[in-house]
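Structure data follow from data-v1.cif (mmCIF, C-alpha atoms (C1' of nucleotides)):
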```
data_model
loop_
_atom_site.label_atom_id
_atom_site.label_comp_id
_atom_site.auth_asym_id
_atom_site.auth_seq_id
_atom_site.Cartn_x
_atom_site.Cartn_y
_atom_site.Cartn_z
CA MET A 146 0.00 0.00 0.00
CA THR A 147 3.00 2.25 0.32
CA GLU A 148 4.04 4.52 -2.50
CA ASP A 149 6.86 2.89 -4.37
CA ARG A 150 7.48 5.32 -7.18
CA SER A 151 11.09 5.89 -8.19
CA GLU A 152 12.43 4.47 -4.98
CA PHE A 153 16.12 4.90 -4.53
CA LEU A 154 18.55 2.09 -4.08
CA LYS A 155 20.35 2.89 -0.87
CA GLY A 156 24.01 3.34 -1.37
CA THR A 157 23.78 4.20 -5.03
CA LEU A 158 23.14 7.89 -4.68
CA ASP A 159 26.71 8.80 -3.78
CA MET A 160 28.05 7.05 -6.86
CA LEU A 161 25.55 8.73 -9.15
CA ILE A 162 26.35 12.15 -7.74
CA LEU A 163 30.08 11.57 -8.16
CA LYS A 164 29.48 10.46 -11.73
CA ILE A 165 27.44 13.55 -12.59
CA VAL A 166 29.99 15.86 -11.01
CA ALA A 167 32.72 14.06 -12.95
CA LEU A 168 31.16 15.46 -16.12
CA GLY A 169 32.11 18.94 -15.00
CA PRO A 170 31.52 21.47 -12.19
CA ILE A 171 27.86 21.71 -11.36
CA HIS A 172 25.69 22.90 -8.49
CA GLY A 173 23.46 20.77 -6.32
CA TYR A 174 20.10 21.70 -7.71
CA ALA A 175 21.32 20.97 -11.23
CA ILE A 176 22.75 17.62 -10.16
CA SER A 177 19.33 16.37 -9.13
CA GLN A 178 17.83 17.61 -12.40
CA ARG A 179 20.57 15.94 -14.38
CA ILE A 180 20.13 12.60 -12.64
CA GLN A 181 16.42 12.74 -13.22
CA GLN A 182 16.85 13.73 -16.84
CA ILE A 183 19.50 11.16 -17.76
CA SER A 184 17.61 8.39 -16.02
CA ARG A 185 14.55 9.37 -18.06
CA ASP A 186 12.65 10.53 -14.98
CA PHE A 187 13.17 7.25 -13.18
CA PHE A 188 15.29 8.63 -10.35
CA GLN A 189 13.94 11.61 -8.53
CA VAL A 190 16.43 12.86 -6.01
CA GLN A 191 14.72 14.45 -3.04
CA GLN A 192 16.39 17.58 -1.74
CA GLY A 193 16.41 16.04 1.71
CA SER A 194 18.60 13.27 0.28
CA LEU A 195 20.62 15.42 -2.06
CA TYR A 196 22.06 18.08 0.20
CA PRO A 197 23.08 15.80 3.06
CA ALA A 198 24.75 13.57 0.49
CA LEU A 199 26.66 16.49 -0.99
CA HIS A 200 27.89 17.56 2.43
CA ARG A 201 28.87 13.99 3.19
CA LEU A 202 30.87 13.71 -0.03
CA GLU A 203 32.50 17.07 0.58
CA ASN A 204 33.45 16.11 4.15
CA ARG A 205 35.04 12.94 2.88
CA GLY A 206 37.17 14.94 0.52
CA TRP A 207 35.60 13.55 -2.62
CA LEU A 208 34.02 16.81 -3.71
CA GLY A 209 35.30 20.35 -3.61
CA ALA A 210 32.87 23.26 -3.44
CA GLU A 211 32.93 26.86 -4.53
CA TRP A 212 30.26 29.56 -4.67
CA ARG A 213 29.84 30.96 -8.14
CA ALA A 214 27.17 32.52 -10.31
CA THR A 215 24.97 30.46 -12.59
CA ASP A 216 24.07 31.36 -16.17
CA THR A 217 21.04 33.17 -14.87
CA GLY A 218 23.11 35.24 -12.48
CA ARG A 219 22.16 33.49 -9.27
CA GLU A 220 24.69 32.42 -6.66
CA ALA A 221 25.07 28.68 -6.34
CA LYS A 222 27.50 26.21 -4.82
CA PHE A 223 29.44 24.50 -7.58
CA TYR A 224 30.91 21.12 -6.85
CA SER A 225 33.83 19.50 -8.59
CA LEU A 226 35.49 16.13 -8.26
CA THR A 227 38.72 15.92 -6.30
CA LYS A 228 41.47 13.44 -7.06
CA LYS A 229 40.27 11.31 -4.15
CA GLY A 230 36.76 11.65 -5.52
CA ARG A 231 37.83 10.32 -8.87
CA HIS A 232 39.39 7.27 -7.27
CA GLN A 233 36.32 6.76 -5.16
CA LEU A 234 34.09 6.94 -8.22
CA GLU A 235 36.21 4.36 -10.01
CA ALA A 236 36.06 2.08 -7.00
CA GLU A 237 32.32 2.47 -6.66
CA MET A 238 31.72 1.82 -10.33
CA ALA A 239 33.83 -1.32 -10.21
CA ASN A 240 31.97 -2.40 -7.10
CA TRP A 241 28.63 -1.74 -8.77
CA GLU A 242 29.65 -3.99 -11.64
CA ARG A 243 30.53 -6.80 -9.29
CA ILE A 244 27.36 -6.38 -7.29
CA SER A 245 25.04 -6.31 -10.26
CA ASP A 246 26.82 -9.31 -11.75
CA ALA A 247 26.35 -11.20 -8.49
CA VAL A 248 22.69 -10.22 -8.31
CA ALA A 249 22.24 -11.35 -11.89
CA LEU A 250 23.80 -14.70 -11.07
CA ILE A 251 21.23 -15.27 -8.36
CA LEU A 252 18.24 -13.93 -10.23
CA ARG A 253 19.01 -16.10 -13.23
CA THR A 254 19.42 -19.28 -11.24
CA ALA A 255 16.79 -21.72 -12.41
CA GLU A 256 15.81 -24.66 -10.24
CA MET B 102 39.51 3.04 6.06
CA THR B 103 36.47 0.96 6.84
CA GLU B 104 36.23 -2.66 5.76
CA ASP B 105 34.36 -2.82 2.51
CA ARG B 106 34.42 -6.54 1.73
CA SER B 107 31.34 -8.03 0.17
CA GLU B 108 29.18 -5.13 1.17
CA PHE B 109 25.50 -5.63 0.68
CA LEU B 110 23.37 -3.43 -1.45
CA LYS B 111 20.67 -2.23 0.86
CA GLY B 112 17.26 -3.18 -0.35
CA THR B 113 18.43 -6.13 -2.40
CA LEU B 114 18.52 -8.73 0.32
CA ASP B 115 14.76 -9.30 0.43
CA MET B 116 14.64 -9.94 -3.29
CA LEU B 117 17.54 -12.39 -3.16
CA ILE B 118 15.97 -14.30 -0.31
CA LEU B 119 12.65 -14.50 -2.11
CA LYS B 120 14.43 -15.75 -5.21
CA ILE B 121 16.29 -18.47 -3.33
CA VAL B 122 13.15 -19.62 -1.56
CA ALA B 123 11.37 -19.67 -4.90
CA LEU B 124 13.69 -22.52 -5.88
CA GLY B 125 12.06 -24.68 -3.23
CA PRO B 126 11.47 -24.90 0.54
CA ILE B 127 14.64 -24.17 2.44
CA HIS B 128 15.67 -23.13 5.91
CA GLY B 129 17.35 -19.87 6.90
CA TYR B 130 20.86 -21.07 7.47
CA ALA B 131 20.86 -22.80 4.09
CA ILE B 132 19.53 -19.67 2.38
CA SER B 133 22.58 -17.69 3.42
CA GLN B 134 24.88 -20.48 2.25
CA ARG B 135 23.07 -20.69 -1.05
CA ILE B 136 23.31 -16.96 -1.68
CA GLN B 137 26.99 -17.01 -0.87
CA GLN B 138 27.60 -20.03 -3.05
CA ILE B 139 25.66 -18.86 -6.11
CA SER B 140 27.22 -15.42 -5.93
CA ARG B 141 30.64 -17.11 -5.87
CA ASP B 142 31.35 -15.94 -2.33
CA PHE B 143 30.65 -12.32 -3.17
CA PHE B 144 27.63 -11.90 -0.93
CA GLN B 145 28.00 -13.00 2.65
CA VAL B 146 24.73 -12.71 4.48
CA GLN B 147 25.26 -11.95 8.14
CA GLN B 148 22.95 -13.79 10.49
CA GLY B 149 22.01 -10.47 12.05
CA SER B 150 20.70 -9.44 8.64
CA LEU B 151 19.28 -12.78 7.61
CA TYR B 152 16.94 -13.65 10.45
CA PRO B 153 15.32 -10.24 10.84
CA ALA B 154 14.78 -10.24 7.07
CA LEU B 155 13.12 -13.64 7.18
CA HIS B 156 10.78 -12.53 9.94
CA ARG B 157 10.00 -9.37 8.01
CA LEU B 158 9.15 -11.34 4.88
CA GLU B 159 7.06 -13.78 6.87
CA ASN B 160 5.16 -10.97 8.60
CA ARG B 161 4.38 -9.42 5.25
CA GLY B 162 2.90 -12.66 4.09
CA TRP B 163 5.52 -13.32 1.44
CA LEU B 164 6.98 -16.35 3.11
CA GLY B 165 5.35 -19.23 4.95
CA ALA B 166 7.29 -21.14 7.60
CA GLU B 167 7.18 -24.64 8.97
CA TRP B 168 9.46 -26.55 11.34
CA ARG B 169 10.81 -29.70 9.81
CA ALA B 170 13.82 -31.96 10.00
CA THR B 171 16.84 -31.47 7.77
CA ASP B 172 18.72 -34.24 6.00
CA THR B 173 21.01 -34.52 8.99
CA GLY B 174 18.07 -34.95 11.34
CA ARG B 175 18.13 -31.51 12.92
CA GLU B 176 15.03 -29.37 13.36
CA ALA B 177 14.98 -26.29 11.20
CA LYS B 178 12.48 -23.69 10.05
CA PHE B 179 11.70 -24.23 6.40
CA TYR B 180 10.44 -21.30 4.41
CA SER B 181 8.38 -21.43 1.26
CA LEU B 182 7.08 -18.76 -1.08
CA THR B 183 3.44 -17.76 -0.77
CA LYS B 184 1.34 -16.58 -3.69
CA LYS B 185 1.80 -12.99 -2.50
CA GLY B 186 5.51 -13.69 -2.21
CA ARG B 187 5.66 -14.81 -5.80
CA HIS B 188 4.02 -11.62 -6.97
CA GLN B 189 6.33 -9.60 -4.78
CA LEU B 190 9.36 -11.34 -6.22
CA GLU B 191 8.21 -10.65 -9.75
CA ALA B 192 7.64 -7.00 -8.90
CA GLU B 193 11.04 -6.68 -7.26
CA MET B 194 12.83 -8.34 -10.14
CA ALA B 195 11.12 -6.03 -12.63
CA ASN B 196 12.04 -3.09 -10.43
CA TRP B 197 15.64 -4.24 -10.21
CA GLU B 198 15.79 -4.33 -14.00
CA ARG B 199 14.55 -0.78 -14.24
CA ILE B 200 16.90 0.43 -11.54
CA SER B 201 19.99 -1.17 -12.97
CA ASP B 202 19.09 0.10 -16.43
CA ALA B 203 18.73 3.62 -15.04
CA VAL B 204 22.03 3.35 -13.19
CA ALA B 205 23.69 2.11 -16.36
CA LEU B 206 22.32 5.08 -18.27
CA ILE B 207 23.98 7.44 -15.85
CA LEU B 208 27.24 5.57 -15.47
CA ARG B 209 27.67 5.39 -19.23
CA THR B 210 27.03 9.05 -19.83
CA ALA B 211 30.14 10.49 -21.40
CA GLU B 212 30.94 14.17 -21.85
"C1'" DC C 200 36.36 -32.87 25.97
"C1'" DT C 201 36.51 -29.17 23.44
"C1'" DT C 202 36.33 -27.07 18.97
"C1'" DG C 203 33.66 -26.08 15.05
"C1'" DA C 204 29.73 -26.54 12.09
"C1'" DC C 205 24.88 -26.41 12.26
"C1'" DA C 206 20.68 -23.69 13.28
"C1'" DC C 207 18.10 -20.45 15.59
"C1'" DC C 208 17.56 -15.70 17.85
"C1'" DT C 209 17.72 -10.40 19.40
"C1'" DA C 210 19.16 -5.77 21.37
"C1'" DG C 211 21.45 -1.85 20.15
"C1'" DT C 212 24.22 0.97 17.02
"C1'" DT C 213 25.08 3.02 12.60
"C1'" DG C 214 23.97 5.07 8.46
"C1'" DT C 215 21.10 6.49 4.47
"C1'" DT C 216 16.94 8.17 2.86
"C1'" DC C 217 12.62 10.48 3.18
"C1'" DT C 218 9.17 13.79 5.12
"C1'" DA C 219 8.29 18.11 5.95
"C1'" DG C 220 9.32 21.85 6.94
"C1'" DG C 221 12.23 26.76 6.35
"C1'" DC C 222 14.86 30.76 3.87
"C1'" DG C 223 15.56 34.05 0.08
"C1'" DT C 224 15.53 35.73 -4.90
"C1'" DA C 225 13.94 36.12 -9.55
"C1'" DT C 226 10.49 35.65 -13.04
"C1'" DA C 227 6.05 34.83 -14.85
"C1'" DT C 228 1.04 35.26 -14.57
"C1'" DG C 229 -3.37 36.77 -13.32
"C1'" DC D 58 0.54 44.84 -8.29
"C1'" DA D 59 0.13 40.55 -6.10
"C1'" DT D 60 1.30 36.05 -5.89
"C1'" DA D 61 2.55 31.90 -7.50
"C1'" DT D 62 6.23 29.14 -9.32
"C1'" DA D 63 10.91 27.95 -10.34
"C1'" DC D 64 15.40 28.40 -8.64
"C1'" DG D 65 18.74 27.27 -5.06
"C1'" DC D 66 20.16 26.41 -0.52
"C1'" DC D 67 19.38 24.15 4.12
"C1'" DT D 68 18.08 21.00 8.46
"C1'" DA D 69 15.63 18.25 12.13
"C1'" DG D 70 13.37 14.18 12.95
"C1'" DA D 71 11.36 9.80 11.56
"C1'" DA D 72 11.77 5.47 9.32
"C1'" DC D 73 14.15 1.48 8.26
"C1'" DA D 74 17.69 -1.87 6.80
"C1'" DA D 75 21.98 -3.82 7.81
"C1'" DC D 76 25.62 -4.80 10.90
"C1'" DT D 77 27.95 -5.81 15.47
"C1'" DA D 78 28.10 -8.58 18.98
"C1'" DG D 79 26.34 -11.00 21.66
"C1'" DG D 80 23.24 -15.38 23.17
"C1'" DT D 81 21.08 -20.55 23.05
"C1'" DG D 82 21.43 -25.50 22.01
"C1'" DT D 83 22.78 -29.86 19.27
"C1'" DC D 84 25.92 -32.85 17.02
"C1'" DA D 85 30.24 -34.71 14.93
"C1'" DA D 86 35.16 -34.87 14.79
"C1'" DG D 87 39.65 -34.60 16.74
#
```
The structure in this file should be written as structure tokens.
Amino acid sequence: MTEDRSEFLKGTLDMLILKIVALGPIHGYAISQRIQQISRDFFQVQQGSLYPALHRLENRGWLGAEWRATDTGREAKFYSLTKKGRHQLEAEMANWERISDAVALILRTAE
Amino acid sequence: MTEDRSEFLKGTLDMLILKIVALGPIHGYAISQRIQQISRDFFQVQQGSLYPALHRLENRGWLGAEWRATDTGREAKFYSLTKKGRHQLEAEMANWERISDAVALILRTAE
DNA sequence: CTTGACACCTAGTTGTTCTAGGCGTATATG
DNA sequence: CATATACGCCTAGAACAACTAGGTGTCAAG
């Protein structure tokens, strides 16, 4: 009976954020739009998930932040990937591969 | 710095358990062994994750339970998939497909 | 006789996500 | 002109899954 729409897979959000930021400096609000857009509206990142995640990633030294102006002249906090962040992203992508392979192994087990 | 070995993807465990039980009645301890074995030792289900999950799935009406004897003569709680459980498994597998497709879309975005 | 595998269990901690608010500015829209 | 909507940031608290770290008892092997 609970709403199930576009539920997030716990633990995946950090990787997706790192991947989006890896495409170039971008601010938080735009990150969530980008994730939603690229995933064809499947993932909808709640702001209450987004901003804590960004602070978490920044605290861990994976993202750097800088206040700058957007195209439209507003001030926004632009994030960019640090060297540590790049390594982390690579590790998380490799891990995702292994996990989804392992899940596939189980899901495809017949009898 | 934290140990990262065979980390579980949160939210996936229920589906994997349902899938294993779908192969035939099986008790908890054997479920964790089966998951580990099929995933080629990648997933290691902790007992502190396993048993609460089984009770959760039983409470939701997705699993039925019955005490029976194992091959070795020990008493064990055998779980089997209910009709609701089968529907749930199908829904979760379909959802997993959509999620992993969406993740792939994002991870493969270049530029 | 004691170690380890089998087989079950739970209380408490940790950590991520979501709900549901709040703040302030700019730009449409009625 | 008012006011709604998009932009853009934030946080406190609830919810919940997974893990840690214990516990019980049986049985076989050394």
Result set of the PyMOL selection byres ((chain B) within 9 of (chain A)) on the coordinates above, as a PDB file with C-alpha atoms, in the coordinates of the input:
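Full text of expr_2.pdb as output:
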```
ATOM      1  CA  SER B 107      31.340  -8.030   0.170  1.00  0.00           C
ATOM      2  CA  GLU B 108      29.180  -5.130   1.170  1.00  0.00           C
ATOM      3  CA  PHE B 109      25.500  -5.630   0.680  1.00  0.00           C
ATOM      4  CA  LEU B 110      23.370  -3.430  -1.450  1.00  0.00           C
ATOM      5  CA  LYS B 111      20.670  -2.230   0.860  1.00  0.00           C
ATOM      6  CA  GLY B 112      17.260  -3.180  -0.350  1.00  0.00           C
ATOM      7  CA  THR B 113      18.430  -6.130  -2.400  1.00  0.00           C
ATOM      8  CA  MET B 116      14.640  -9.940  -3.290  1.00  0.00           C
ATOM      9  CA  LEU B 117      17.540 -12.390  -3.160  1.00  0.00           C
ATOM     10  CA  LYS B 120      14.430 -15.750  -5.210  1.00  0.00           C
ATOM     11  CA  ILE B 121      16.290 -18.470  -3.330  1.00  0.00           C
ATOM     12  CA  ALA B 123      11.370 -19.670  -4.900  1.00  0.00           C
ATOM     13  CA  LEU B 124      13.690 -22.520  -5.880  1.00  0.00           C
ATOM     14  CA  GLY B 125      12.060 -24.680  -3.230  1.00  0.00           C
ATOM     15  CA  ILE B 136      23.310 -16.960  -1.680  1.00  0.00           C
ATOM     16  CA  ILE B 139      25.660 -18.860  -6.110  1.00  0.00           C
ATOM     17  CA  SER B 140      27.220 -15.420  -5.930  1.00  0.00           C
ATOM     18  CA  ARG B 141      30.640 -17.110  -5.870  1.00  0.00           C
ATOM     19  CA  PHE B 143      30.650 -12.320  -3.170  1.00  0.00           C
ATOM     20  CA  PHE B 144      27.630 -11.900  -0.930  1.00  0.00           C
ATOM     21  CA  MET B 194      12.830  -8.340 -10.140  1.00  0.00           C
ATOM     22  CA  ARG B 199      14.550  -0.780 -14.240  1.00  0.00           C
ATOM     23  CA  ILE B 200      16.900   0.430 -11.540  1.00  0.00           C
ATOM     24  CA  SER B 201      19.990  -1.170 -12.970  1.00  0.00           C
ATOM     25  CA  ASP B 202      19.090   0.100 -16.430  1.00  0.00           C
ATOM     26  CA  ALA B 203      18.730   3.620 -15.040  1.00  0.00           C
ATOM     27  CA  VAL B 204      22.030   3.350 -13.190  1.00  0.00           C
ATOM     28  CA  ALA B 205      23.690   2.110 -16.360  1.00  0.00           C
ATOM     29  CA  LEU B 206      22.320   5.080 -18.270  1.00  0.00           C
ATOM     30  CA  ILE B 207      23.980   7.440 -15.850  1.00  0.00           C
ATOM     31  CA  LEU B 208      27.240   5.570 -15.470  1.00  0.00           C
ATOM     32  CA  THR B 210      27.030   9.050 -19.830  1.00  0.00           C
ATOM     33  CA  ALA B 211      30.140  10.490 -21.400  1.00  0.00           C
ATOM     34  CA  GLU B 212      30.940  14.170 -21.850  1.00  0.00           C
TER      35      GLU B 212
END
```
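In this model, the gap between C1' of DA69 (chain D) and CA of Gln192 (chain A) comes to 13.9 Å.
Near chain C, the residues of chain B that fall inside 9 Å (using only C-alpha atoms (C1' of nucleotides)) are His128, Gly129, Tyr130, Gly149, Tyr152, Pro153, Arg175, Glu176, Ala177 and Lys178 of chain B.
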Export C-alpha atoms of the chosen residues as a CSV table (one decimal), in the frame of the given file?
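Result went into part.csv, see below:
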```
chain,number,residue,atom,x,y,z
B,128,HIS,CA,15.7,-23.1,5.9
B,129,GLY,CA,17.4,-19.9,6.9
B,130,TYR,CA,20.9,-21.1,7.5
B,149,GLY,CA,22.0,-10.5,12.0
B,152,TYR,CA,16.9,-13.6,10.4
B,153,PRO,CA,15.3,-10.2,10.8
B,175,ARG,CA,18.1,-31.5,12.9
B,176,GLU,CA,15.0,-29.4,13.4
B,177,ALA,CA,15.0,-26.3,11.2
B,178,LYS,CA,12.5,-23.7,10.0
```
Is it possible to see chain B as an mmCIF file with C-alpha atoms, keeping the file's coordinate frame, once it has been laid onto chain A by a least-squares fit on every C-alpha atom in order?
```cif
data_model
loop_
_atom_site.group_PDB
_atom_site.id
_atom_site.type_symbol
_atom_site.label_atom_id
_atom_site.label_comp_id
_atom_site.auth_asym_id
_atom_site.auth_seq_id
_atom_site.Cartn_x
_atom_site.Cartn_y
_atom_site.Cartn_z
ATOM 1 C CA MET B 102 0.248 -0.112 0.183
ATOM 2 C CA THR B 103 3.108 2.324 0.426
ATOM 3 C CA GLU B 104 4.068 4.533 -2.495
ATOM 4 C CA ASP B 105 6.856 2.877 -4.384
ATOM 5 C CA ARG B 106 7.451 5.314 -7.240
ATOM 6 C CA SER B 107 11.007 5.864 -8.332
ATOM 7 C CA GLU B 108 12.419 4.431 -5.165
ATOM 8 C CA PHE B 109 16.102 4.921 -4.687
ATOM 9 C CA LEU B 110 18.529 2.124 -4.240
ATOM 10 C CA LYS B 111 20.233 2.882 -0.986
ATOM 11 C CA GLY B 112 23.933 3.257 -1.392
ATOM 12 C CA THR B 113 23.787 4.196 -5.048
ATOM 13 C CA LEU B 114 23.149 7.887 -4.677
ATOM 14 C CA ASP B 115 26.730 8.806 -3.779
ATOM 15 C CA MET B 116 28.063 7.052 -6.846
ATOM 16 C CA LEU B 117 25.554 8.742 -9.143
ATOM 17 C CA ILE B 118 26.367 12.149 -7.742
ATOM 18 C CA LEU B 119 30.082 11.566 -8.149
ATOM 19 C CA LYS B 120 29.496 10.464 -11.724
ATOM 20 C CA ILE B 121 27.459 13.545 -12.587
ATOM 21 C CA VAL B 122 30.005 15.866 -11.024
ATOM 22 C CA ALA B 123 32.724 14.060 -12.939
ATOM 23 C CA LEU B 124 31.150 15.449 -16.111
ATOM 24 C CA GLY B 125 32.109 18.937 -14.989
ATOM 25 C CA PRO B 126 31.526 21.473 -12.190
ATOM 26 C CA ILE B 127 27.864 21.718 -11.341
ATOM 27 C CA HIS B 128 25.704 22.907 -8.494
ATOM 28 C CA GLY B 129 23.452 20.772 -6.305
ATOM 29 C CA TYR B 130 20.092 21.683 -7.708
ATOM 30 C CA ALA B 131 21.327 20.979 -11.229
ATOM 31 C CA ILE B 132 22.766 17.622 -10.156
ATOM 32 C CA SER B 133 19.345 16.374 -9.136
ATOM 33 C CA GLN B 134 17.842 17.602 -12.403
ATOM 34 C CA ARG B 135 20.595 15.948 -14.378
ATOM 35 C CA ILE B 136 20.151 12.610 -12.638
ATOM 36 C CA GLN B 137 16.430 12.747 -13.217
ATOM 37 C CA GLN B 138 16.860 13.722 -16.838
ATOM 38 C CA ILE B 139 19.509 11.146 -17.756
ATOM 39 C CA SER B 140 17.600 8.387 -16.011
ATOM 40 C CA ARG B 141 14.537 9.382 -18.057
ATOM 41 C CA ASP B 142 12.644 10.547 -14.981
ATOM 42 C CA PHE B 143 13.165 7.268 -13.170
ATOM 43 C CA PHE B 144 15.279 8.630 -10.344
ATOM 44 C CA GLN B 145 13.945 11.638 -8.518
ATOM 45 C CA VAL B 146 16.437 12.880 -5.992
ATOM 46 C CA GLN B 147 14.722 14.459 -3.023
ATOM 47 C CA GLN B 148 16.381 17.586 -1.714
ATOM 48 C CA GLY B 149 16.420 16.033 1.739
ATOM 49 C CA SER B 150 18.598 13.285 0.285
ATOM 50 C CA LEU B 151 20.626 15.431 -2.063
ATOM 51 C CA TYR B 152 22.055 18.099 0.204
ATOM 52 C CA PRO B 153 23.089 15.835 3.070
ATOM 53 C CA ALA B 154 24.763 13.593 0.486
ATOM 54 C CA LEU B 155 26.673 16.508 -0.992
ATOM 55 C CA HIS B 156 27.908 17.573 2.424
ATOM 56 C CA ARG B 157 28.892 13.999 3.184
ATOM 57 C CA LEU B 158 30.880 13.727 -0.038
ATOM 58 C CA GLU B 159 32.509 17.082 0.574
ATOM 59 C CA ASN B 160 33.459 16.136 4.138
ATOM 60 C CA ARG B 161 35.059 12.960 2.881
ATOM 61 C CA GLY B 162 37.174 14.955 0.518
ATOM 62 C CA TRP B 163 35.590 13.574 -2.630
ATOM 63 C CA LEU B 164 34.030 16.814 -3.711
ATOM 64 C CA GLY B 165 35.319 20.373 -3.619
ATOM 65 C CA ALA B 166 32.879 23.280 -3.451
ATOM 66 C CA GLU B 167 32.946 26.875 -4.551
ATOM 67 C CA TRP B 168 30.271 29.574 -4.693
ATOM 68 C CA ARG B 169 29.816 30.968 -8.148
ATOM 69 C CA ALA B 170 27.164 32.533 -10.320
ATOM 70 C CA THR B 171 24.946 30.463 -12.584
ATOM 71 C CA ASP B 172 24.022 31.354 -16.147
ATOM 72 C CA THR B 173 20.966 33.152 -14.845
ATOM 73 C CA GLY B 174 23.065 35.240 -12.482
ATOM 74 C CA ARG B 175 22.140 33.497 -9.251
ATOM 75 C CA GLU B 176 24.697 32.420 -6.664
ATOM 76 C CA ALA B 177 25.071 28.690 -6.347
ATOM 77 C CA LYS B 178 27.501 26.217 -4.827
ATOM 78 C CA PHE B 179 29.425 24.498 -7.577
ATOM 79 C CA TYR B 180 30.906 21.119 -6.852
ATOM 80 C CA SER B 181 33.840 19.522 -8.591
ATOM 81 C CA LEU B 182 35.496 16.138 -8.268
ATOM 82 C CA THR B 183 38.728 15.935 -6.304
ATOM 83 C CA LYS B 184 41.484 13.453 -7.065
ATOM 84 C CA LYS B 185 40.285 11.312 -4.150
ATOM 85 C CA GLY B 186 36.768 11.638 -5.515
ATOM 86 C CA ARG B 187 37.859 10.311 -8.864
ATOM 87 C CA HIS B 188 39.418 7.270 -7.265
ATOM 88 C CA GLN B 189 36.336 6.771 -5.151
ATOM 89 C CA LEU B 190 34.110 6.932 -8.201
ATOM 90 C CA GLU B 191 36.211 4.361 -10.000
ATOM 91 C CA ALA B 192 36.084 2.076 -6.978
ATOM 92 C CA GLU B 193 32.330 2.459 -6.640
ATOM 93 C CA MET B 194 31.712 1.812 -10.308
ATOM 94 C CA ALA B 195 33.842 -1.336 -10.186
ATOM 95 C CA ASN B 196 31.968 -2.401 -7.074
ATOM 96 C CA TRP B 197 28.627 -1.752 -8.730
ATOM 97 C CA GLU B 198 29.666 -4.010 -11.596
ATOM 98 C CA ARG B 199 30.519 -6.809 -9.223
ATOM 99 C CA ILE B 200 27.331 -6.365 -7.244
ATOM 100 C CA SER B 201 25.031 -6.315 -10.220
ATOM 101 C CA ASP B 202 26.810 -9.325 -11.691
ATOM 102 C CA ALA B 203 26.332 -11.202 -8.420
ATOM 103 C CA VAL B 204 22.673 -10.217 -8.257
ATOM 104 C CA ALA B 205 22.221 -11.356 -11.840
ATOM 105 C CA LEU B 206 23.777 -14.705 -10.998
ATOM 106 C CA ILE B 207 21.201 -15.260 -8.308
ATOM 107 C CA LEU B 208 18.210 -13.912 -10.181
ATOM 108 C CA ARG B 209 18.985 -16.111 -13.168
ATOM 109 C CA THR B 210 19.371 -19.281 -11.176
ATOM 110 C CA ALA B 211 16.759 -21.704 -12.407
ATOM 111 C CA GLU B 212 15.736 -24.953 -10.740
#
```
Nearest to chain D, chosen from A:Thr215, A:Gln233, A:Asn204, A:Thr227, with all atoms listed in the file counted in the distances: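 Closest to chain D of all the choices is A:Thr215.
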Contact residues (chain D, partner chain A, 12 Å, all atoms listed in the file) as a PyMOL selection string: chain D and resi 63-70+73-75
Sel. within 12 Å of pt (2.8, -15.3, -5.7), counting all atoms listed in the file, output as a PyMOL selection string: chain B and resi 119-120+122-123+162-165+181-192
Point-to-point distance in Å for C1' of DG80 (chain D) and CA of Ile127 (chain B):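 Computing the Euclidean distance for CA of Ile127 (chain B) and C1' of DG80 (chain D) yields 24.1 Å.
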Box for region 209-222 of chain A - axis-aligned, 5 Å on each of the six sides, all listed atoms - centre and size in Å to one decimal, as lines of an AutoDock Vina configuration file.
```
center_x = 28.2
center_y = 27.8
center_z = -9.8
size_x = 24.3
size_y = 24.9
size_z = 22.7
```
For CA of Gln147 (chain B) and C1' of DG82 (chain D), the interatomic separation in Å (one decimal): 19.8 Å
